[in-house]
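Peer 1: My questions all concern the structure below.
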Amino acid sequence: MDFSIRAANVEDCKDIARMIMELAEYEKIAQHVKVTQKDLEQDGFSKNPFFHGIVAEVPEQHKTNDGHTKIGYALYFYSYSSWSGRAVYMEDLYVMPEFRGKGIGKALMSKVAQLGLAAGCGQLNFTVLDWNKSSLDFYLNQGCTDVTNDMGYHYMSCKGEALEHLAQP
């Protein structure tokens with residue numbers, strides 16, 4: 001399969017928003033998606049972006065039945081580990097179902113790893129749903145480890161009213 005990986009630009013936000021919703025539907029959590037195309041444009045392509053992105057694209061002759069040539073993406077941002085220093089966090093890795101198994105997901109993840117290494121990062125972090133065995137197997141086959149099993153960590157989140165309450169002095 002002929003495809004290319006490149007840095008996302010503001011014009012890609014419509015397709016990234018579409019694929020974010022596809023990923024959320026696959027993960028059975030579409031009702032939690034609040035981010036809009038406008039949010040992506042502002043948060044990813046302003047002077048101080050909150051995230052970076054890459055897209056996978058196929059030539060016109062391989063476009064989807066709906067006419068899409070952007071068929072996968074990864075969003076990532078830089079973070080810091082108090083134990084090992086610079087890190088890159090991969091928020092999303094997604095390939096449209098009809099394009100899976102063709103090396104596109106591996107290429108996207110590899111590009112995020114390359115960008116992280118180029119920025120001096122010593123680790124790539126991400127989460128995967130516990131029921132998503134095919135993705136979990138894919139990541140384990142790439143040499144990744146499950147820190148939940150290995151170190152006993154749990155990924156925690158505080159949002160909405162709980163975040164507002166926590167922010168009170």
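Please note that chains go A, B, ... in the order of the structure tokens, that every chain numbers its residues from 1, and that ligands are numbered from 1 in the order shown.
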Apply DSSP to the structure's backbone, then extract all residues of chain A labelled alpha helix (DSSP H) and return them as an MDAnalysis selection string.
Peer 2: chainID A and resid 13:26 37:44 104:118 133:141 147:151 160:166
Peer 1: Using DSSP on the backbone coordinates, identify all residues within chain A classified as strand (DSSP E or B); present the result as a PyMOL selection string.
Peer 2: chain A and resi 4-7+52-57+70-81+85-95+124-125
Peer 1: Selected residues, C-alpha atoms, written as a PDB file, in the first residue's frame, please.
Peer 2:
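Saved result, out-v8.pdb, follows:
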ATOM      1  CA  SER A   4       2.991   8.856   3.258  1.00  0.00           C
ATOM      2  CA  ILE A   5       3.421  10.265   6.756  1.00  0.00           C
ATOM      3  CA  ARG A   6       3.812  14.006   7.224  1.00  0.00           C
ATOM      4  CA  ALA A   7       3.422  16.734   9.822  1.00  0.00           C
ATOM      5  CA  HIS A  52       1.597  18.225  17.624  1.00  0.00           C
ATOM      6  CA  GLY A  53       0.255  15.893  14.986  1.00  0.00           C
ATOM      7  CA  ILE A  54       1.154  13.765  12.019  1.00  0.00           C
ATOM      8  CA  VAL A  55      -1.138  12.345   9.365  1.00  0.00           C
ATOM      9  CA  ALA A  56      -1.060   9.312   7.119  1.00  0.00           C
ATOM     10  CA  GLU A  57      -2.194   9.985   3.599  1.00  0.00           C
ATOM     11  CA  LYS A  70      -6.149  11.269   5.080  1.00  0.00           C
ATOM     12  CA  ILE A  71      -6.596   7.842   6.624  1.00  0.00           C
ATOM     13  CA  GLY A  72      -4.679   7.935   9.912  1.00  0.00           C
ATOM     14  CA  TYR A  73      -3.133  10.252  12.435  1.00  0.00           C
ATOM     15  CA  ALA A  74      -1.194  10.498  15.673  1.00  0.00           C
ATOM     16  CA  LEU A  75      -1.342  13.342  18.184  1.00  0.00           C
ATOM     17  CA  TYR A  76       1.495  13.798  20.653  1.00  0.00           C
ATOM     18  CA  PHE A  77       2.996  16.281  23.082  1.00  0.00           C
ATOM     19  CA  TYR A  78       6.156  16.556  25.097  1.00  0.00           C
ATOM     20  CA  SER A  79       6.180  15.856  28.813  1.00  0.00           C
ATOM     21  CA  TYR A  80       8.670  15.259  31.566  1.00  0.00           C
ATOM     22  CA  SER A  81       9.411  12.315  33.815  1.00  0.00           C
ATOM     23  CA  GLY A  85      13.657  13.341  32.010  1.00  0.00           C
ATOM     24  CA  ARG A  86      12.185  14.265  28.657  1.00  0.00           C
ATOM     25  CA  ALA A  87       9.339  12.135  27.329  1.00  0.00           C
ATOM     26  CA  VAL A  88       6.868  12.203  24.478  1.00  0.00           C
ATOM     27  CA  TYR A  89       3.236  11.284  25.131  1.00  0.00           C
ATOM     28  CA  MET A  90       1.225   9.851  22.243  1.00  0.00           C
ATOM     29  CA  GLU A  91      -2.365  10.876  22.883  1.00  0.00           C
ATOM     30  CA  ASP A  92      -3.882   9.149  19.843  1.00  0.00           C
ATOM     31  CA  LEU A  93      -2.807   6.652  17.223  1.00  0.00           C
ATOM     32  CA  TYR A  94      -5.507   5.855  14.683  1.00  0.00           C
ATOM     33  CA  VAL A  95      -5.787   4.220  11.280  1.00  0.00           C
ATOM     34  CA  LEU A 124       7.318   7.240  24.631  1.00  0.00           C
ATOM     35  CA  ASN A 125       4.214   6.979  26.804  1.00  0.00           C
TER      36      ASN A 125
END
Peer 1: Restricting the calculation to only C-alpha atoms, which member of A:Ser157, A:Thr64, A:Thr148, A:Gln114 is positioned closest to Pro97 of chain A?
Peer 2: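 Nearest candidate to Pro97 of chain A out of A:Ser157, A:Thr64, A:Thr148, A:Gln114: A:Thr64.
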Peer 1: Using only C-alpha atoms for the distances, tell me which of A:Tyr139, A:Thr127, A:Phe50, A:Ser84 is nearest to Ser110 of chain A.
Peer 2: A:Tyr139
Peer 1: Fewer than 4 positions away in the same chain doesn't count, so skip those; otherwise give me all residues within 10 Å of Tyr26 of chain A, counting only C-alpha atoms, as a ChimeraX atom specification.
Peer 2: /A:20-22,30,97,132
Peer 1: Go ahead and write the selection's residues with C-alpha atoms as a PDB file, in the first residue's frame.
Peer 2:
ATOM      1  CA  ILE A  20     -11.017  11.526  16.449  1.00  0.00           C
ATOM      2  CA  MET A  21     -14.756  10.810  16.343  1.00  0.00           C
ATOM      3  CA  GLU A  22     -14.168   7.523  14.483  1.00  0.00           C
ATOM      4  CA  ALA A  30     -18.009   9.009  21.429  1.00  0.00           C
ATOM      5  CA  PRO A  97     -10.262   0.168   9.676  1.00  0.00           C
ATOM      6  CA  ASN A 132      -8.413  -3.646  23.050  1.00  0.00           C
TER       7      ASN A 132
END
Peer 1: Which one is closest to Val128 of chain A: A:Val147, A:Leu108, A:Leu163, A:Val10? Count only C-alpha atoms.
Peer 2: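 Closest candidate: A:Val147.
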